[in-house]
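Source file: coords-v7.txt; contents: compact mmCIF, C-alpha atoms and all ligand atoms.
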# COMPACT_ATOMS: atom_id res chain seq x y z
CA VAL A 152 23.19 24.23 22.44
CA PHE A 153 23.01 24.77 18.71
CA ALA A 154 26.45 26.18 17.94
CA HIS A 155 27.68 22.92 16.40
CA LEU A 156 24.69 22.43 14.10
CA GLU A 157 25.41 22.62 10.39
CA GLN A 158 23.20 24.06 7.72
CA VAL A 159 21.43 21.21 5.91
CA PRO A 160 20.32 21.55 2.31
CA GLY A 161 16.73 22.72 1.84
CA ASP A 162 14.09 20.66 0.05
CA PRO A 163 14.99 20.91 -3.65
CA ILE A 164 11.38 21.11 -4.85
CA LEU A 165 10.32 23.75 -2.33
CA GLY A 166 13.53 25.62 -3.18
CA LEU A 167 12.40 25.64 -6.79
CA THR A 168 9.20 27.45 -5.84
CA GLU A 169 11.21 30.05 -3.94
CA ALA A 170 13.34 30.65 -7.03
CA PHE A 171 10.19 30.81 -9.16
CA ASN A 172 8.57 33.38 -6.86
CA ALA A 173 11.70 35.52 -7.01
CA ASP A 174 11.76 35.42 -10.84
CA ALA A 175 10.47 38.74 -12.23
CA ARG A 176 9.99 37.56 -15.83
CA PRO A 177 6.38 37.77 -17.01
CA GLY A 178 4.95 34.54 -18.43
CA LYS A 179 7.02 32.40 -16.06
CA VAL A 180 5.67 28.87 -15.51
CA ASN A 181 6.20 26.64 -12.47
CA LEU A 182 6.07 22.96 -13.46
CA GLY A 183 8.11 21.96 -10.41
CA VAL A 184 5.30 21.82 -7.88
CA GLY A 185 3.06 18.91 -6.87
CA ILE A 186 -0.19 20.83 -6.96
CA TYR A 187 -3.22 20.74 -9.24
CA TYR A 188 -4.00 24.21 -10.62
CA ASP A 189 -7.23 25.02 -12.45
CA GLU A 190 -7.52 26.72 -15.83
CA ALA A 191 -7.13 30.13 -14.15
CA GLY A 192 -3.90 28.98 -12.52
CA ARG A 193 -5.46 28.78 -9.05
CA ILE A 194 -5.65 25.97 -6.50
CA PRO A 195 -9.35 25.10 -6.76
CA LEU A 196 -11.77 25.31 -3.86
CA LEU A 197 -14.08 22.41 -4.65
CA ARG A 198 -17.80 23.31 -4.62
CA ALA A 199 -18.64 20.37 -2.37
CA VAL A 200 -15.96 21.45 0.13
CA ASP A 201 -17.17 25.04 -0.02
CA ALA A 202 -20.73 23.93 0.77
CA VAL A 203 -19.59 22.16 3.95
CA GLN A 204 -17.33 25.05 4.88
CA ARG A 205 -20.25 27.50 4.67
CA ARG A 206 -22.49 25.22 6.69
CA LEU A 207 -19.86 24.85 9.42
CA ALA A 208 -19.40 28.63 9.54
CA GLU A 209 -23.15 29.20 9.78
CA GLU A 210 -23.53 26.62 12.52
CA GLY A 211 -20.63 28.15 14.39
CA ALA A 212 -19.31 24.59 14.76
CA ALA A 213 -17.36 23.99 17.95
CA ARG A 214 -13.63 23.30 17.75
CA GLY A 215 -12.99 20.85 20.53
CA TYR A 216 -10.22 18.27 20.45
CA LEU A 217 -10.77 15.31 18.16
CA PRO A 218 -10.14 11.80 19.52
CA ILE A 219 -6.46 10.76 19.25
CA ASP A 220 -7.21 8.67 16.16
CA GLY A 221 -9.43 11.30 14.59
CA LEU A 222 -13.03 11.97 13.65
CA PRO A 223 -14.86 8.61 13.49
CA ALA A 224 -17.10 9.70 10.58
CA TYR A 225 -13.92 10.62 8.66
CA THR A 226 -12.00 7.42 9.33
CA ARG A 227 -15.03 5.24 8.49
CA ALA A 228 -15.67 7.05 5.21
CA THR A 229 -11.95 6.86 4.37
CA ARG A 230 -11.85 3.11 4.89
CA GLU A 231 -14.87 2.68 2.64
CA LEU A 232 -13.36 4.80 -0.09
CA LEU A 233 -10.11 2.84 -0.02
CA PHE A 234 -11.40 -0.71 0.43
CA GLY A 235 -14.91 -0.38 -1.04
CA VAL A 236 -18.15 -0.23 0.99
CA ASP A 237 -18.75 -3.95 0.57
CA SER A 238 -15.26 -5.05 1.55
CA PRO A 239 -15.33 -8.29 3.60
CA LEU A 240 -12.29 -7.00 5.49
CA LEU A 241 -14.30 -4.04 6.76
CA ALA A 242 -17.25 -6.27 7.67
CA ALA A 243 -14.87 -8.49 9.66
CA GLY A 244 -13.46 -5.47 11.55
CA ARG A 245 -9.98 -6.24 10.23
CA VAL A 246 -9.09 -2.71 9.14
CA THR A 247 -8.26 -0.04 11.64
CA THR A 248 -7.91 3.57 10.47
CA ALA A 249 -6.47 6.63 12.17
CA GLN A 250 -6.74 10.17 10.87
CA THR A 251 -3.27 11.60 10.33
CA VAL A 252 -1.56 14.88 9.51
CA GLY A 253 -1.68 14.44 5.73
CA GLY A 254 -0.44 11.43 3.83
CA SER A 255 3.02 12.28 5.18
CA GLY A 256 1.79 11.84 8.75
CA ALA A 257 0.29 8.49 7.77
CA LEU A 258 3.62 7.32 6.39
CA ARG A 259 5.44 8.50 9.50
CA THR A 260 2.97 6.90 11.92
CA GLY A 261 2.98 3.69 9.88
CA ALA A 262 6.78 3.70 9.84
CA GLU A 263 6.88 4.06 13.62
CA LEU A 264 4.37 1.25 14.09
CA LEU A 265 6.42 -1.04 11.84
CA LYS A 266 9.66 -0.11 13.59
CA HIS A 267 8.07 -1.02 16.91
CA SER A 268 6.65 -4.29 15.61
CA LEU A 269 9.51 -5.39 13.32
CA PRO A 270 12.61 -3.62 14.70
CA THR A 271 15.10 -5.26 12.34
CA ALA A 272 13.07 -5.09 9.12
CA ARG A 273 14.26 -3.03 6.17
CA ILE A 274 12.12 -1.14 3.70
CA ALA A 275 12.33 -1.08 -0.10
CA ILE A 276 11.05 1.88 -2.10
CA SER A 277 10.84 2.31 -5.87
CA ASN A 278 13.77 3.81 -7.75
CA PRO A 279 12.93 6.64 -8.09
CA SER A 280 10.29 7.49 -5.50
CA TRP A 281 8.86 10.54 -3.79
CA GLU A 282 11.98 11.78 -1.99
CA ASN A 283 10.24 12.09 1.36
CA HIS A 284 9.75 8.31 1.48
CA ARG A 285 13.46 7.85 2.05
CA ALA A 286 13.53 10.70 4.58
CA VAL A 287 10.52 9.53 6.60
CA PHE A 288 11.59 5.90 6.89
CA GLY A 289 15.22 6.89 7.41
CA ALA A 290 14.21 9.21 10.26
CA VAL A 291 12.52 6.31 12.04
CA GLY A 292 15.70 4.23 11.75
CA PHE A 293 14.89 2.06 8.75
CA GLU A 294 17.54 1.01 6.30
CA VAL A 295 16.02 2.08 2.98
CA LEU A 296 16.62 -0.12 -0.09
CA ASP A 297 15.58 0.56 -3.69
CA TYR A 298 13.79 -1.71 -6.11
CA THR A 299 14.01 -1.17 -9.85
CA TYR A 300 10.99 0.66 -11.19
CA PHE A 301 11.57 2.93 -14.15
CA ASP A 302 13.12 2.34 -17.55
CA ALA A 303 14.44 5.74 -18.59
CA GLU A 304 15.17 4.59 -22.16
CA ARG A 305 11.61 3.49 -22.81
CA HIS A 306 10.05 6.13 -20.51
CA GLY A 307 7.96 3.51 -18.75
CA LEU A 308 7.82 0.87 -16.08
CA ASP A 309 10.65 -1.67 -15.91
CA PHE A 310 8.32 -4.40 -14.76
CA ASP A 311 10.69 -7.33 -15.15
CA GLY A 312 13.36 -5.47 -13.21
CA MET A 313 10.84 -4.65 -10.49
CA LEU A 314 9.70 -8.27 -10.10
CA ALA A 315 13.27 -9.55 -10.08
CA ASP A 316 14.27 -7.09 -7.33
CA LEU A 317 11.19 -7.85 -5.21
CA ARG A 318 11.99 -11.56 -5.46
CA ARG A 319 15.45 -10.89 -4.05
CA LEU A 320 14.21 -9.15 -0.88
CA GLU A 321 14.53 -10.87 2.45
CA ALA A 322 11.28 -12.15 4.02
CA GLY A 323 9.75 -9.54 6.31
CA THR A 324 11.02 -6.58 4.28
CA VAL A 325 8.48 -3.77 4.02
CA VAL A 326 7.72 -2.83 0.39
CA LEU A 327 6.39 0.63 -0.29
CA LEU A 328 4.18 0.74 -3.39
CA HIS A 329 2.45 3.70 -5.05
CA ALA A 330 -1.16 2.69 -5.70
CA CYS A 331 -1.54 4.99 -8.70
CA CYS A 332 -0.15 8.13 -10.34
CA HIS A 333 3.43 7.26 -9.39
CA ASN A 334 5.37 10.26 -8.12
CA PRO A 335 7.69 11.22 -9.79
CA THR A 336 7.52 9.12 -12.96
CA GLY A 337 3.80 8.83 -13.85
CA ALA A 338 4.43 5.14 -14.69
CA ASP A 339 1.85 2.81 -13.11
CA LEU A 340 1.17 -0.92 -12.96
CA ASP A 341 -1.90 -2.36 -14.67
CA VAL A 342 -4.18 -4.84 -12.93
CA GLY A 343 -2.38 -7.86 -14.38
CA GLN A 344 0.96 -6.51 -13.17
CA TRP A 345 -0.46 -5.84 -9.71
CA ARG A 346 -1.57 -9.46 -9.54
CA GLN A 347 1.95 -10.61 -10.33
CA VAL A 348 3.52 -8.26 -7.79
CA ILE A 349 1.07 -9.36 -5.11
CA ALA A 350 1.89 -13.03 -5.84
CA VAL A 351 5.58 -12.24 -5.22
CA LEU A 352 4.78 -10.31 -2.03
CA ALA A 353 2.82 -13.30 -0.74
CA GLU A 354 5.39 -15.88 -1.82
CA ARG A 355 8.33 -13.97 -0.32
CA ALA A 356 6.43 -12.96 2.89
CA LEU A 357 7.03 -9.26 2.21
CA VAL A 358 5.04 -6.57 4.03
CA PRO A 359 3.09 -4.30 1.65
CA PHE A 360 2.76 -0.62 2.49
CA ILE A 361 0.58 1.18 -0.06
CA ASP A 362 0.89 4.94 -0.52
CA ILE A 363 -2.20 6.39 -2.20
CA ALA A 364 -1.96 10.17 -2.55
CA TYR A 365 -3.83 10.57 -5.86
CA GLN A 366 -6.94 8.39 -5.65
CA GLY A 367 -9.27 9.40 -8.48
CA PHE A 368 -6.64 11.32 -10.45
CA ASP A 369 -6.04 8.68 -13.13
CA LYS A 370 -8.93 6.32 -13.92
CA GLY A 371 -11.46 6.73 -11.11
CA ILE A 372 -11.92 6.31 -7.38
CA ASP A 373 -12.37 2.53 -7.42
CA GLU A 374 -10.03 1.84 -10.34
CA ASP A 375 -7.19 3.81 -8.71
CA SER A 376 -7.42 1.72 -5.57
CA ALA A 377 -7.14 -1.56 -7.52
CA ALA A 378 -3.92 -2.40 -5.67
CA ILE A 379 -5.70 -2.15 -2.31
CA ARG A 380 -8.68 -4.17 -3.49
CA LEU A 381 -6.44 -6.89 -4.96
CA LEU A 382 -4.32 -7.07 -1.81
CA ALA A 383 -7.50 -7.33 0.25
CA ASP A 384 -8.55 -10.34 -1.85
CA SER A 385 -5.09 -11.92 -1.86
CA GLY A 386 -5.16 -13.63 1.51
CA ILE A 387 -2.15 -11.61 2.72
CA SER A 388 -3.19 -10.99 6.31
CA ASN A 389 -1.32 -7.76 7.06
CA PHE A 390 -0.73 -4.65 5.02
CA MET A 391 -0.89 -0.91 5.50
CA VAL A 392 -2.27 2.00 3.53
CA ALA A 393 -1.22 5.66 3.82
CA SER A 394 -3.82 7.86 2.12
CA SER A 395 -4.16 11.57 1.51
CA TYR A 396 -6.96 13.95 0.51
CA SER A 397 -4.52 16.78 -0.22
CA LYS A 398 -4.98 16.37 -3.99
CA SER A 399 -8.36 14.67 -4.34
CA PHE A 400 -10.12 17.30 -2.19
CA SER A 401 -7.69 20.12 -3.02
CA LEU A 402 -7.05 20.55 0.70
CA TYR A 403 -3.25 20.67 0.71
CA GLY A 404 -2.75 22.85 3.78
CA GLU A 405 -5.48 21.23 5.86
CA ARG A 406 -3.33 18.10 6.26
CA THR A 407 -6.02 15.49 5.74
CA GLY A 408 -4.65 11.96 5.64
CA ALA A 409 -5.18 8.55 7.17
CA LEU A 410 -3.29 5.41 8.11
CA SER A 411 -5.20 2.16 7.64
CA VAL A 412 -3.76 -1.08 8.94
CA VAL A 413 -5.12 -4.42 7.78
CA CYS A 414 -4.95 -6.99 10.55
CA ALA A 415 -5.43 -10.75 10.78
CA ASP A 416 -8.66 -10.39 12.78
CA ALA A 417 -10.71 -7.86 14.75
CA ASP A 418 -8.84 -8.55 17.96
CA GLU A 419 -5.49 -7.82 16.35
CA ALA A 420 -7.02 -4.67 14.83
CA ARG A 421 -8.01 -3.42 18.30
CA ARG A 422 -4.51 -4.04 19.65
CA VAL A 423 -2.90 -2.35 16.65
CA GLN A 424 -5.22 0.64 17.00
CA SER A 425 -4.19 1.04 20.64
CA GLN A 426 -0.54 1.12 19.52
CA VAL A 427 -1.25 3.66 16.78
CA LYS A 428 -3.03 5.86 19.32
CA ARG A 429 -0.08 5.63 21.67
CA LEU A 430 2.26 6.76 18.88
CA ILE A 431 0.03 9.70 17.91
CA ARG A 432 -0.53 10.77 21.52
CA ALA A 433 3.20 10.99 22.11
CA ASN A 434 3.74 12.81 18.84
CA TYR A 435 1.09 15.50 18.34
CA SER A 436 -1.64 14.31 20.73
CA SER A 437 -4.56 14.54 18.30
CA PRO A 438 -5.10 15.56 14.68
CA PRO A 439 -6.46 18.88 13.36
CA SER A 440 -10.24 19.04 13.02
CA HIS A 441 -11.15 21.45 10.23
CA GLY A 442 -10.02 19.47 7.17
CA ALA A 443 -11.47 16.26 8.59
CA MET A 444 -14.82 17.97 9.14
CA LEU A 445 -14.80 19.18 5.54
CA VAL A 446 -13.97 15.77 4.06
CA SER A 447 -16.34 13.90 6.31
CA GLY A 448 -19.09 16.46 5.62
CA VAL A 449 -18.74 15.71 1.91
CA LEU A 450 -18.29 11.95 2.05
CA ASN A 451 -21.19 11.41 4.46
CA ASP A 452 -23.70 13.44 2.44
CA PRO A 453 -24.82 11.52 -0.69
CA GLU A 454 -25.47 14.68 -2.73
CA LEU A 455 -22.21 16.37 -1.82
CA LYS A 456 -20.35 13.11 -2.36
CA LEU A 457 -21.74 12.92 -5.87
CA MET A 458 -20.78 16.55 -6.46
CA TRP A 459 -17.23 15.81 -5.28
CA GLU A 460 -17.00 12.72 -7.52
CA GLN A 461 -17.96 14.92 -10.45
CA GLU A 462 -15.42 17.60 -9.52
CA LEU A 463 -12.72 14.98 -9.10
CA GLY A 464 -13.74 13.59 -12.49
CA GLU A 465 -13.35 17.07 -14.00
CA MET A 466 -9.83 17.37 -12.59
CA ARG A 467 -8.98 13.89 -13.90
CA THR A 468 -10.36 14.58 -17.38
CA ARG A 469 -8.58 17.89 -17.53
CA ILE A 470 -5.21 16.33 -16.64
CA HIS A 471 -5.66 13.79 -19.45
CA ALA A 472 -6.56 16.61 -21.84
CA LEU A 473 -3.48 18.60 -20.79
CA ARG A 474 -1.26 15.59 -21.46
CA ALA A 475 -2.82 15.12 -24.88
CA GLY A 476 -2.57 18.87 -25.57
CA LEU A 477 1.11 18.94 -24.64
CA VAL A 478 1.91 15.89 -26.76
CA ALA A 479 0.00 17.28 -29.76
CA ARG A 480 1.72 20.66 -29.55
CA LEU A 481 5.14 19.05 -29.14
CA ASP A 482 4.37 16.91 -32.15
CA ALA A 483 3.44 20.00 -34.15
CA GLN A 484 6.83 21.48 -33.16
CA GLY A 485 8.56 18.43 -34.60
CA ALA A 486 9.09 16.80 -31.19
CA GLY A 487 7.03 13.66 -31.79
CA ARG A 488 9.13 11.55 -29.47
CA PHE A 489 7.22 12.80 -26.41
CA ALA A 490 4.12 10.67 -27.17
CA PHE A 491 4.89 8.58 -24.06
CA ILE A 492 3.59 11.48 -21.92
CA ASN A 493 0.09 10.30 -22.88
CA ASP A 494 0.74 6.88 -21.35
CA GLN A 495 1.76 8.27 -17.97
CA ALA A 496 -0.75 8.76 -15.16
CA GLY A 497 -1.52 11.47 -12.65
CA MET A 498 -0.06 14.90 -12.11
CA PHE A 499 3.52 14.08 -12.98
CA SER A 500 5.55 13.10 -15.95
CA TYR A 501 9.16 12.09 -16.16
CA SER A 502 9.74 14.04 -19.35
CA GLY A 503 13.13 12.56 -20.09
CA LEU A 504 14.66 16.06 -20.16
CA SER A 505 18.22 16.18 -18.86
CA ARG A 506 19.35 18.46 -16.06
CA ALA A 507 21.07 20.70 -18.66
CA GLN A 508 17.81 20.95 -20.62
CA VAL A 509 15.86 21.75 -17.43
CA ASP A 510 18.42 24.49 -16.70
CA ARG A 511 17.91 25.92 -20.18
CA LEU A 512 14.13 25.92 -19.66
CA ARG A 513 14.64 28.00 -16.54
CA ASP A 514 17.35 30.34 -17.86
CA GLU A 515 15.96 30.99 -21.34
CA PHE A 516 12.20 30.54 -20.86
CA ALA A 517 11.46 31.07 -17.14
CA ILE A 518 9.96 27.57 -17.04
CA TYR A 519 10.75 25.72 -13.82
CA ALA A 520 10.91 21.92 -13.70
CA VAL A 521 12.61 19.49 -11.30
CA GLY A 522 16.24 18.70 -12.17
CA THR A 523 15.31 15.05 -12.77
CA GLY A 524 13.08 16.16 -15.64
CA ARG A 525 9.86 15.73 -13.64
CA ILE A 526 7.16 18.11 -14.78
CA CYS A 527 3.77 18.70 -13.19
CA VAL A 528 1.22 18.33 -15.98
CA ALA A 529 -1.48 19.73 -13.69
CA ALA A 530 0.26 23.11 -13.69
CA LEU A 531 -0.34 23.53 -17.44
CA ASN A 532 -3.29 25.45 -18.87
CA ASP A 533 -4.51 26.73 -22.22
CA ARG A 534 -2.52 29.93 -21.80
CA ASN A 535 0.88 28.38 -21.12
CA LEU A 536 0.61 25.10 -23.05
CA GLU A 537 1.83 26.45 -26.39
CA TYR A 538 4.68 28.35 -24.76
CA VAL A 539 5.82 25.33 -22.74
CA ALA A 540 5.63 23.03 -25.78
CA GLU A 541 7.68 25.43 -27.89
CA ALA A 542 10.28 25.79 -25.16
CA ILE A 543 10.57 22.03 -24.57
CA ALA A 544 10.85 21.40 -28.31
CA LYS A 545 13.67 23.97 -28.51
CA VAL A 546 15.73 22.69 -25.58
CA ALA A 547 15.20 19.06 -26.57
CA ASP A 548 16.22 19.65 -30.18
N1 LIG B 1 2.92 10.30 -1.06
C1 LIG B 1 3.15 10.77 -2.28
C2 LIG B 1 3.56 9.82 -3.35
C3 LIG B 1 3.02 12.12 -2.54
O1 LIG B 1 3.27 12.58 -3.77
C4 LIG B 1 2.64 12.99 -1.50
C5 LIG B 1 2.43 14.46 -1.71
N2 LIG B 1 3.31 15.10 -2.52
C6 LIG B 1 2.40 12.44 -0.24
C7 LIG B 1 2.55 11.10 -0.05
C8 LIG B 1 2.06 13.31 0.95
O2 LIG B 1 0.83 13.82 0.96
P1 LIG B 1 0.44 14.97 1.98
O3 LIG B 1 0.71 16.26 1.28
O4 LIG B 1 -1.00 14.73 2.23
O5 LIG B 1 1.26 14.82 3.21

Give the structure from the file, written as structure tokens.
Ligand code: PMP
Amino acid sequence: VFAHLEQVPGDPILGLTEAFNADARPGKVNLGVGIYYDEAGRIPLLRAVDAVQRRLAEEGAARGYLPIDGLPAYTRATRELLFGVDSPLLAAGRVTTAQTVGGSGALRTGAELLKHSLPTARIAISNPSWENHRAVFGAVGFEVLDYTYFDAERHGLDFDGMLADLRRLEAGTVVLLHACCHNPTGADLDVGQWRQVIAVLAERALVPFIDIAYQGFDKGIDEDSAAIRLLADSGISNFMVASSYSKSFSLYGERTGALSVVCADADEARRVQSQVKRLIRANYSSPPSHGAMLVSGVLNDPELKLMWEQELGEMRTRIHALRAGLVARLDAQGAGRFAFINDQAGMFSYSGLSRAQVDRLRDEFAIYAVGTGRICVAALNDRNLEYVAEAIAKVAD
């Protein structure tokens, strides 16, 4: 049955972690991952999450099956976080949300829904994008196009290039957009730029699909969902949102995500939800309960929600401080040209380092970064910052 199957290459980023783990050098640093580490180099267990976890353990909470589309208290709270409690779309019953297996599961379920509804549509993703975007949509049978996004010379967004490419897309093309903290570049759109992009999406009848995996990691919970709020106000009747709590609740392995679909009216939303449930039922039947119970326990308790907002704020502030710390130390090493790192948002930075320089970081300094030059700023801390800055300054000299 399997004799003819070839070995396929492993995921390059996960492969990097394997190489890092196998490296015996003390002081090694892994900047290749997409995980937020605290000052002690650990994945944090948020206090608000811990409080719910303890309560569930004490109660001996039952572990029955969740409904196919997830825990209702979780999906409702998720919708409110993404669209805002006062959103007219929510009041009109136009948004339907299903709990999914992480943000990845939301993308996959959304891709399958789109394939069913628009079988000949293509999808355009940013160049570059999170690599799994291409894989997920490709696996569902989409032809995946790129739109211009990043200007490597200026280390920032190529906004004119982006608009020009979006204008060239055929009507009905799905456009995947990162709401904030663009992975891998860290280059985001400001509100004025979002307005312009949304005008093009409307004018060209393109289908927006927002991926929001880092809500609250750049400016704040509401600010980071500006793209969703603006789309909601735009009059565009259909768009989709894939969201994830992996980062914002530090619940990576619990696979807490959601797919929200904005529909023309409540009736369409009910029909769409029935289709989403059919897709999930035939895929994994129903989502896992533990992570959803943790998130919903926090978001539906005003005190714990406030505690979480503060903890998320601490993570956000710390990432900004790490960026500033890295830039300042690089500057002190004579590498002042890295100031752009301060303008980038979220966990990642396209550092502009070449593959050869990334190789030198690994070989000479036991510092692991992605071959594209992407570094995870959230893996820095006060103990490794100086070392990393010195090493980058040396290889970039
Ligand atoms: N989208 C983007 C842009 C991401 O960076 C990630 C996580 N690396 C995801 C989606 C997937 O999130 P999850 O881990 O919840 O599946």

**Message:** ligand LIG 1 (chain B): which residues are within 7 Å, counting all atoms listed in the file? Reply as an MDAnalysis selection string.
**Reply:** chainID A and resid 185 252:256 281 329 333:334 362:364 395:397 403 406:408

**Message:** Set the distance at 12 Å and use all atoms listed in the file: which residues neighbour A:Lys428 once local chain neighbours fewer than 6 positions away are removed? I'd like the list as a PyMOL selection string.
**Reply:** chain A and resi 218-221+247-251+260-261+263-264+410+421-422+434-438

Considering only C-alpha atoms, tabulate each residue of stretch 418-527 of chain A that lies at most 9 Å from stretch 299-316 of chain A along with its nearest interatomic pair and the corresponding distance in Å to one decimal; arrange the rows by chain and ascending residue number and present them as JSON lines.
{"residue": "A:Phe491", "atom": "CA", "partner": "A:His306", "partner_atom": "CA", "distance": 6.7}
{"residue": "A:Ile492", "atom": "CA", "partner": "A:His306", "partner_atom": "CA", "distance": 8.5}
{"residue": "A:Asp494", "atom": "CA", "partner": "A:Gly307", "partner_atom": "CA", "distance": 8.4}
{"residue": "A:Gln495", "atom": "CA", "partner": "A:Gly307", "partner_atom": "CA", "distance": 7.9}
{"residue": "A:Tyr501", "atom": "CA", "partner": "A:His306", "partner_atom": "CA", "distance": 7.4}
{"residue": "A:Ser502", "atom": "CA", "partner": "A:His306", "partner_atom": "CA", "distance": 8.0}
{"residue": "A:Gly503", "atom": "CA", "partner": "A:Ala303", "partner_atom": "CA", "distance": 7.1}

**Request:** Using only C-alpha atoms, pick whichever of A:Glu321, A:Asp162, A:Asp418, A:Glu294 has the shortest atom-to-atom distance to A:Arg355.
**Result:** A:Glu321

Return as a Markdown table the residues of stretch 237-345 of chain A lying at most 10 Å from stretch 517-537 of chain A, together with the closest atom-to-atom pair for each and the distance in Å to one decimal, counting only C-alpha atoms, with rows in chain order and ascending residue number.
| residue | atom | partner | partner_atom | distance |
| --- | --- | --- | --- | --- |
| A:Pro279 | CA | A:Thr523 | CA | 9.9 |
| A:Asn334 | CA | A:Arg525 | CA | 9.0 |
| A:Pro335 | CA | A:Arg525 | CA | 6.3 |
| A:Thr336 | CA | A:Arg525 | CA | 7.0 |
| A:Gly337 | CA | A:Arg525 | CA | 9.2 |

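With all atoms listed in the file as the basis for measurement, A:Asp375 is the residue among A:Glu354, A:Glu190, A:Asp297, A:Asp375 that approaches A:Cys332 most closely.
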
**Item:** Neighbour list for stretch 463-479 of chain A as a ChimeraX atom specification, cut-off 10 Å, all atoms listed in the file, skip fewer than 3 positions in-chain
**Value:** /A:187-190,195,197,366-372,398-401,457-460,482-500,527-533,536-537,539-541,543

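Neighbourhood of point (17.5, 22.7, -25.4): residues with an atom at most 10 Å away, counting all atoms listed in the file, are Leu504, Ser505, Ala507, Gln508, Val509, Asp510, Arg511, Leu512, Glu515, Ala542, Ile543, Ala544, Lys545, Val546, Ala547 and Asp548 of chain A.
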
Find the axis-aligned box for stretch 385-396 of chain A, covering all its listed atoms and adding 8 Å on each side, and write its centre and edge lengths in Å to one decimal as JSON.
{"center_x": -3.8, "center_y": 0.2, "center_z": 2.6, "size_x": 22.2, "size_y": 43.6, "size_z": 24.9}

**Prompt:** Nearest to A:Lys266: which of A:Ala383, A:Phe234, A:Leu222, A:Leu430 is it, counting all atoms listed in the file?
**Reply:** A:Leu430

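The interatomic distance for the pair atom CA of A:Pro270 and atom CA of A:Ala417 works out to 23.7 Å.
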
**Message:** Between atom CA of A:Gly404 and atom CA of A:Val449, what is the distance in Å, rounded to a tenth?
**Reply:** 17.6 Å

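Counting only C-alpha atoms, A:Ala330 has the following residues at most 10 Å away, ignoring those fewer than 5 positions along the same chain: Asp339, Leu340, Trp345, Phe360, Ile361, Asp362, Ile363, Ala364, Tyr365, Gln366, Asp375, Ser376, Ala377, Ala378, Ile379, Val392, Ala393 and Ser394 of chain A.
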
Could you turn the residues from that selection into a file that holds C-alpha atoms, as a short mmCIF file (atom, residue, chain, number, x, y, z; two decimals), in the frame of the given file?
data_model
loop_
_atom_site.label_atom_id
_atom_site.label_comp_id
_atom_site.auth_asym_id
_atom_site.auth_seq_id
_atom_site.Cartn_x
_atom_site.Cartn_y
_atom_site.Cartn_z
CA ASP A 339 1.85 2.81 -13.11
CA LEU A 340 1.17 -0.92 -12.96
CA TRP A 345 -0.46 -5.84 -9.71
CA PHE A 360 2.76 -0.62 2.49
CA ILE A 361 0.58 1.18 -0.06
CA ASP A 362 0.89 4.94 -0.52
CA ILE A 363 -2.20 6.39 -2.20
CA ALA A 364 -1.96 10.17 -2.55
CA TYR A 365 -3.83 10.57 -5.86
CA GLN A 366 -6.94 8.39 -5.65
CA ASP A 375 -7.19 3.81 -8.71
CA SER A 376 -7.42 1.72 -5.57
CA ALA A 377 -7.14 -1.56 -7.52
CA ALA A 378 -3.92 -2.40 -5.67
CA ILE A 379 -5.70 -2.15 -2.31
CA VAL A 392 -2.27 2.00 3.53
CA ALA A 393 -1.22 5.66 3.82
CA SER A 394 -3.82 7.86 2.12
#

**Fill in**
Residue with the minimum atom-to-atom distance to A:Arg206, picked from A:Met444, A:Ala154, A:Val246, A:Leu296 with all atoms listed in the file counted, is A:Met444

**Prompt:** What is the atom CA of A:Cys331-atom CA of A:Asp373 distance in Å, reported with one decimal?
**Reply:** 11.2 Å

**Prompt:** Which neighbours of A:Phe390 fall inside 9 Å, counting all atoms listed in the file, when residues of the same chain fewer than 3 positions from it are skipped, and could you give them as a PyMOL selection string?
**Reply:** chain A and resi 358-361+382-383+387+411-414

**Asked** So, counting only C-alpha atoms, which residue among A:Leu165, A:Val325, A:Ala242, A:Val295 is closest to A:Asp416?
**Response** A:Ala242

**Request:** Pick out the closest residue to A:Leu352 from this set: A:Gly448, A:Pro223, A:Gly386, A:Gly235. Count only C-alpha atoms.
**Result:** A:Gly386

**Item:** Contacts of A:Tyr225 within 7 Å, only C-alpha atoms, excl. fewer than 5 positions in-chain, as number ranges by chain
**Value:** A: 443, 446-447

Export C-alpha atoms of the chosen residues as a CSV table (one decimal), in the frame of the given file?
chain,number,residue,atom,x,y,z
A,443,ALA,CA,-11.5,16.3,8.6
A,446,VAL,CA,-14.0,15.8,4.1
A,447,SER,CA,-16.3,13.9,6.3
